[in-house]
Each structure stands twice: as C-alpha cells, then as structure tokens.
$ cat protein_36.pdb   # PDB, C-alpha atoms
ATOM      1  CA  MET A   1      80.165 120.592 101.022
ATOM      2  CA  THR A   2      79.611 117.432  98.971
ATOM      3  CA  ALA A   3      76.010 117.124 100.140
ATOM      4  CA  ARG A   4      75.304 120.734  99.183
ATOM      5  CA  LEU A   5      76.829 120.276  95.737
ATOM      6  CA  ASN A   6      74.943 117.010  95.229
ATOM      7  CA  SER A   7      71.653 118.725  96.050
ATOM      8  CA  ALA A   8      72.371 121.340  93.366
ATOM      9  CA  GLN A   9      73.280 118.724  90.743
ATOM     10  CA  PRO A  10      69.894 118.613  88.933
ATOM     11  CA  TYR A  11      69.931 122.413  88.591
ATOM     12  CA  ALA A  12      73.510 122.504  87.288
ATOM     13  CA  LEU A  13      72.647 119.711  84.856
ATOM     14  CA  GLY A  14      69.542 121.593  83.729
ATOM     15  CA  LEU A  15      71.559 124.747  83.069
ATOM     16  CA  PHE A  16      74.207 122.696  81.246
ATOM     17  CA  ARG A  17      71.494 121.148  79.049
ATOM     18  CA  ILE A  18      70.007 124.576  78.276
ATOM     19  CA  VAL A  19      73.349 126.091  77.253
ATOM     20  CA  VAL A  20      74.433 123.106  75.131
ATOM     21  CA  GLY A  21      71.013 122.875  73.459
ATOM     22  CA  LEU A  22      70.946 126.605  72.730
ATOM     23  CA  LEU A  23      74.431 126.604  71.206
ATOM     24  CA  PHE A  24      73.595 123.584  69.051
ATOM     25  CA  ALA A  25      70.254 125.006  67.873
ATOM     26  CA  VAL A  26      71.823 128.361  67.019
ATOM     27  CA  HIS A  27      74.492 126.593  64.985
ATOM     28  CA  GLY A  28      71.765 124.847  62.995
ATOM     29  CA  ALA A  29      69.746 128.056  62.576
ATOM     30  CA  ALA A  30      72.820 129.878  61.274
ATOM     31  CA  SER A  31      73.416 127.168  58.687
ATOM     32  CA  LEU A  32      69.779 126.900  57.585
ATOM     33  CA  PHE A  33      68.642 130.526  57.715
ATOM     34  CA  GLY A  34      71.855 132.554  57.422
ATOM     35  CA  VAL A  35      71.331 134.279  60.762
ATOM     36  CA  LEU A  36      74.125 135.198  63.165
ATOM     37  CA  GLY A  37      76.793 135.146  60.480
ATOM     38  CA  GLY A  38      75.423 132.250  58.460
ATOM     39  CA  ALA A  39      76.942 128.874  57.796
ATOM     40  CA  ALA A  40      80.686 128.482  58.204
ATOM     41  CA  GLY A  41      82.537 129.012  54.962
ATOM     42  CA  THR A  42      79.616 130.624  53.121
ATOM     43  CA  GLY A  43      80.328 134.279  53.881
ATOM     44  CA  GLY A  44      77.069 134.681  55.773
ATOM     45  CA  GLY A  45      74.991 132.445  53.538
ATOM     46  CA  THR A  46      73.105 129.233  54.040
ATOM     47  CA  ILE A  47      73.688 125.625  53.134
ATOM     48  CA  PRO A  48      71.731 124.688  49.985
ATOM     49  CA  ALA A  49      68.658 122.633  50.853
ATOM     50  CA  GLY A  50      69.076 118.899  50.558
ATOM     51  CA  THR A  51      72.867 118.823  50.245
ATOM     52  CA  TRP A  52      74.565 115.913  51.979
ATOM     53  CA  PRO A  53      75.667 115.969  54.762
ATOM     54  CA  GLY A  54      75.648 119.682  55.635
ATOM     55  CA  TRP A  55      71.970 120.491  55.253
ATOM     56  CA  TYR A  56      70.837 117.355  57.071
ATOM     57  CA  ALA A  57      73.329 118.039  59.861
ATOM     58  CA  ALA A  58      71.942 121.563  60.195
ATOM     59  CA  VAL A  59      68.383 120.218  60.480
ATOM     60  CA  ILE A  60      69.522 117.798  63.183
ATOM     61  CA  GLN A  61      71.313 120.638  64.953
ATOM     62  CA  LEU A  62      68.260 122.885  64.909
ATOM     63  CA  VAL A  63      65.673 120.276  65.896
ATOM     64  CA  ALA A  64      67.747 118.251  68.364
ATOM     65  CA  GLY A  65      69.203 121.424  69.856
ATOM     66  CA  ALA A  66      65.736 122.896  70.388
ATOM     67  CA  LEU A  67      64.466 119.670  71.976
ATOM     68  CA  VAL A  68      67.479 119.476  74.294
ATOM     69  CA  LEU A  69      67.108 123.176  75.122
ATOM     70  CA  LEU A  70      63.490 122.621  76.123
ATOM     71  CA  GLY A  71      64.266 119.348  77.856
ATOM     72  CA  LEU A  72      61.684 117.514  75.767
ATOM     73  CA  GLY A  73      62.715 114.040  74.633
ATOM     74  CA  THR A  74      66.160 114.933  75.878
ATOM     75  CA  ARG A  75      67.712 111.479  75.855
ATOM     76  CA  GLY A  76      66.608 110.601  72.311
ATOM     77  CA  ALA A  77      67.454 114.006  70.867
ATOM     78  CA  ALA A  78      70.838 113.965  72.615
ATOM     79  CA  LEU A  79      71.601 110.500  71.224
ATOM     80  CA  ILE A  80      70.898 111.652  67.660
ATOM     81  CA  ALA A  81      72.885 114.857  68.200
ATOM     82  CA  SER A  82      75.821 112.941  69.670
ATOM     83  CA  GLY A  83      75.851 110.550  66.748
ATOM     84  CA  SER A  84      75.715 113.365  64.223
ATOM     85  CA  MET A  85      78.701 115.031  65.858
ATOM     86  CA  ALA A  86      80.643 111.760  65.928
ATOM     87  CA  TYR A  87      79.931 111.427  62.202
ATOM     88  CA  ALA A  88      81.019 115.032  61.615
ATOM     89  CA  TYR A  89      84.276 114.443  63.423
ATOM     90  CA  PHE A  90      85.241 111.151  61.833
ATOM     91  CA  ASP A  91      83.960 111.896  58.318
ATOM     92  CA  VAL A  92      84.981 115.541  57.979
ATOM     93  CA  HIS A  93      87.620 116.514  60.516
ATOM     94  CA  GLN A  94      89.664 113.398  61.185
ATOM     95  CA  GLN A  95      90.716 113.098  57.570
ATOM     96  CA  ALA A  96      92.879 116.213  58.022
ATOM     97  CA  ALA A  97      94.801 115.043  61.104
ATOM     98  CA  LEU A  98      94.529 112.716  64.081
ATOM     99  CA  TRP A  99      94.023 115.160  66.959
ATOM    100  CA  PRO A 100      91.065 117.581  67.231
ATOM    101  CA  ILE A 101      93.417 120.500  67.893
ATOM    102  CA  GLN A 102      95.114 119.775  64.562
ATOM    103  CA  ASN A 103      92.019 119.171  62.438
ATOM    104  CA  GLY A 104      89.610 121.830  63.798
ATOM    105  CA  GLY A 105      87.331 119.210  65.310
ATOM    106  CA  GLU A 106      87.234 120.445  68.914
ATOM    107  CA  LEU A 107      83.639 121.656  68.661
ATOM    108  CA  PRO A 108      82.198 118.427  67.222
ATOM    109  CA  VAL A 109      84.088 116.397  69.855
ATOM    110  CA  LEU A 110      82.829 118.586  72.703
ATOM    111  CA  PHE A 111      79.252 118.496  71.407
ATOM    112  CA  CYS A 112      79.456 114.718  70.902
ATOM    113  CA  TRP A 113      80.566 114.066  74.482
ATOM    114  CA  ALA A 114      78.240 116.682  76.007
ATOM    115  CA  PHE A 115      75.239 115.123  74.291
ATOM    116  CA  LEU A 116      76.379 111.623  75.210
ATOM    117  CA  LEU A 117      76.462 112.743  78.846
ATOM    118  CA  LEU A 118      72.878 113.996  78.519
ATOM    119  CA  VAL A 119      71.818 110.617  77.107
ATOM    120  CA  PHE A 120      72.811 109.033  80.413
ATOM    121  CA  THR A 121      71.835 111.816  82.826
ATOM    122  CA  GLY A 122      68.566 112.994  81.323
ATOM    123  CA  SER A 123      67.320 116.558  81.353
ATOM    124  CA  GLY A 124      67.975 117.547  84.946
ATOM    125  CA  ALA A 125      65.930 120.394  86.377
ATOM    126  CA  PHE A 126      63.908 122.874  84.304
ATOM    127  CA  GLY A 127      63.110 120.350  81.558
ATOM    128  CA  LEU A 128      59.721 119.676  80.028
ATOM    129  CA  ASP A 129      60.477 115.937  80.366
ATOM    130  CA  ARG A 130      59.858 116.200  84.103
ATOM    131  CA  PHE A 131      56.650 118.156  83.609
ATOM    132  CA  VAL A 132      55.335 115.617  81.085
ATOM    133  CA  ALA A 133      56.300 112.683  83.320
ATOM    134  CA  ARG A 134      54.679 114.307  86.358
ATOM    135  CA  ARG A 135      51.537 115.024  84.357
ATOM    136  CA  ALA A 136      51.400 111.477  82.988
ATOM    137  CA  ALA A 137      51.814 110.067  86.488
ATOM    138  CA  ALA A 138      48.995 112.276  87.743
ATOM    139  CA  ASP A 139      46.755 111.209  84.834
ATOM    140  CA  GLY A 140      47.568 107.576  85.571
ATOM    141  CA  ARG A 141      46.575 107.993  89.222
ATOM    142  CA  ASP A 142      43.352 109.755  88.234
ATOM    143  CA  ALA A 143      42.497 106.982  85.768
ATOM    144  CA  ALA A 144      43.237 104.336  88.384
ATOM    145  CA  GLU A 145      40.976 106.107  90.880
ATOM    146  CA  ARG A 146      38.123 106.237  88.337
ATOM    147  CA  ALA A 147      38.485 102.642  87.213
ATOM    148  CA  PRO A 148      35.779 100.308  88.484
ATOM    149  CA  MET A 149      36.915  97.835  91.102
ATOM    150  CA  ALA A 150      36.043  94.177  90.680
ATOM    151  CA  ALA A 151      34.462  92.501  93.669
TER
END
$ encode --input "protein_36.pdb" --output "structure tokens"
Amino acid sequence: MTARLNSAQPYALGLFRIVVGLLFAVHGAASLFGVLGGAAGTGGGTIPAGTWPGWYAAVIQLVAGALVLLGLGTRGAALIASGSMAYAYFDVHQQAALWPIQNGGELPVLFCWAFLLLVFTGSGAFGLDRFVARRAAADGRDAAERAPMAA
C-alpha cells in the first residue's frame, strides 16, 4: 500500500497546490475587486488602494495565489505567500490572544504552513514549472546538438 500511495504523491501534491492557490487567489480577488462577498469587514466592499497592510496583502494573495495555482514559480510565490501570512498572524491576530483559536488566526496559520510546505516540495504534478523545466531541458539538448564541436 505504501508504494501505491508514494506513486500517487506528486498528483496529490499537485491537487493540494491547486486548491490552496485557488483559495488564496480568491481571497485576494475578493479584497481587491469586491467579488464573492468582498473584503472581510467591508460589507461587500473592497480595500482602498494603497492602504497598508491590507491592500498590499490582497495583491500578494491574488498574484502569489494565481502563480501557485498555475504551478509557475511555485517555490518563490509560496515563500512570499507564507511570509505574508506569518506577518498577518503575528501583526494582526496575535495581539488579541496567544492561540489561533482565540484570536481568529486559524486561516493565516494554515495558509502560512501550507505555503511553507510548497516551498520545500515544489509544485508536484500538473504544474507549469514542470512544463517549463522540461521545455528548457529540451532546448538545452537541442542547442548542445547544434553547437560546433572542437577537434
């Protein structure tokens, strides 16, 4: 059973990445564009452009979430997303109470650790990272085959 589960690991990781990226991107889109209920605490509105830290966090959520969803630059985007969620937890939520269940910080903590996992695992299956790497490797082989050989 372990061998079968291990063989499915890249696919499970790819699906995990897609779901986490989608949820993060949608959160950013809601805050920036007022879709899907809008930003939290605004009654369906948006976060005013340029306000610190909410608007910048929403931009990170939208862009990093979309990149993670697509599996393009996954490790870098996940690192930025993880850091932004750590900041959100410690700067916003932890001031209210120590534990995430007490201060409403469960979502930032879960996103932070999920993205940190993706930093170390990469995109898994279904990611554009693999396609780009495969294409670059093929281009490198083609260039090597065309390069003149010294005698």
$ closest_residue --input "protein_36.pdb" --among "A:Leu32, A:Ala137, A:Ala12, A:Ala40" --to "Ile60 (chain A)" --atoms "only C-alpha atoms"
A:Leu32
$ resolve_selection --input "protein_36.pdb" --expression "the PyMOL selection byres ((chain A and resi 34) around 6)" --output "number ranges by chain"
A: 30-31, 33, 35, 38, 44-46
$ atom_distance --input "protein_36.pdb" --atom1 "CA of Leu69 (chain A)" --atom2 "CA of Asp129 (chain A)"
11.1 Å
$ closest_residue --input "protein_36.pdb" --among "A:Leu23, A:Thr74, A:Ala29, A:Met85" --to "Thr121 (chain A)" --atoms "all atoms listed in the file"
A:Thr74
$ atom_distance --input "protein_36.pdb" --atom1 "CA of Ala57 (chain A)" --atom2 "CA of Tyr11 (chain A)"
29.3 Å
$ atom_distance --input "protein_36.pdb" --atom1 "CA of Tyr56 (chain A)" --atom2 "CA of Leu107 (chain A)"
17.8 Å
$ resolve_selection --input "protein_36.pdb" --expression "the PyMOL selection byres ((chain A and resi 128) around 12)" --output "list of chain:residue names"
A:Gly14, A:Arg17, A:Ile18, A:Ala66, A:Leu67, A:Val68, A:Leu69, A:Leu70, A:Gly71, A:Leu72, A:Gly73, A:Thr74, A:Gly122, A:Ser123, A:Gly124, A:Ala125, A:Phe126, A:Gly127, A:Asp129, A:Arg130, A:Phe131, A:Val132, A:Ala133, A:Arg134, A:Arg135
$ resolve_selection --input "protein_36.pdb" --expression "the PyMOL selection byres ((chain A and resi 104) around 12)" --output "ChimeraX atom specification"
/A:88-90,92-103,105-110
$ axis_aligned_box --input "protein_36.pdb" --around "region 78-94 of chain A" --padding-each-side "3 Å" --output "AutoDock Vina command-line options"
--center_x 80.3 --center_y 113.5 --center_z 65.3 --size_x 24.8 --size_y 12.0 --size_z 20.6
$ closest_residue --input "protein_36.pdb" --among "A:Thr51, A:Gly140, A:Leu15, A:Ala58" --to "Ala39 (chain A)" --atoms "all atoms listed in the file"
A:Ala58
$ closest_residue --input "protein_36.pdb" --among "A:Pro10, A:Gly37, A:Gly21, A:Pro48" --to "Gln61 (chain A)" --atoms "all atoms listed in the file"
A:Gly21
$ residues_near_point --input "protein_36.pdb" --point "(74.9, 119.0, 68.8)" --cutoff "6 Å" --atoms "all atoms listed in the file" --output "ChimeraX atom specification"
/A:24,61,81,111
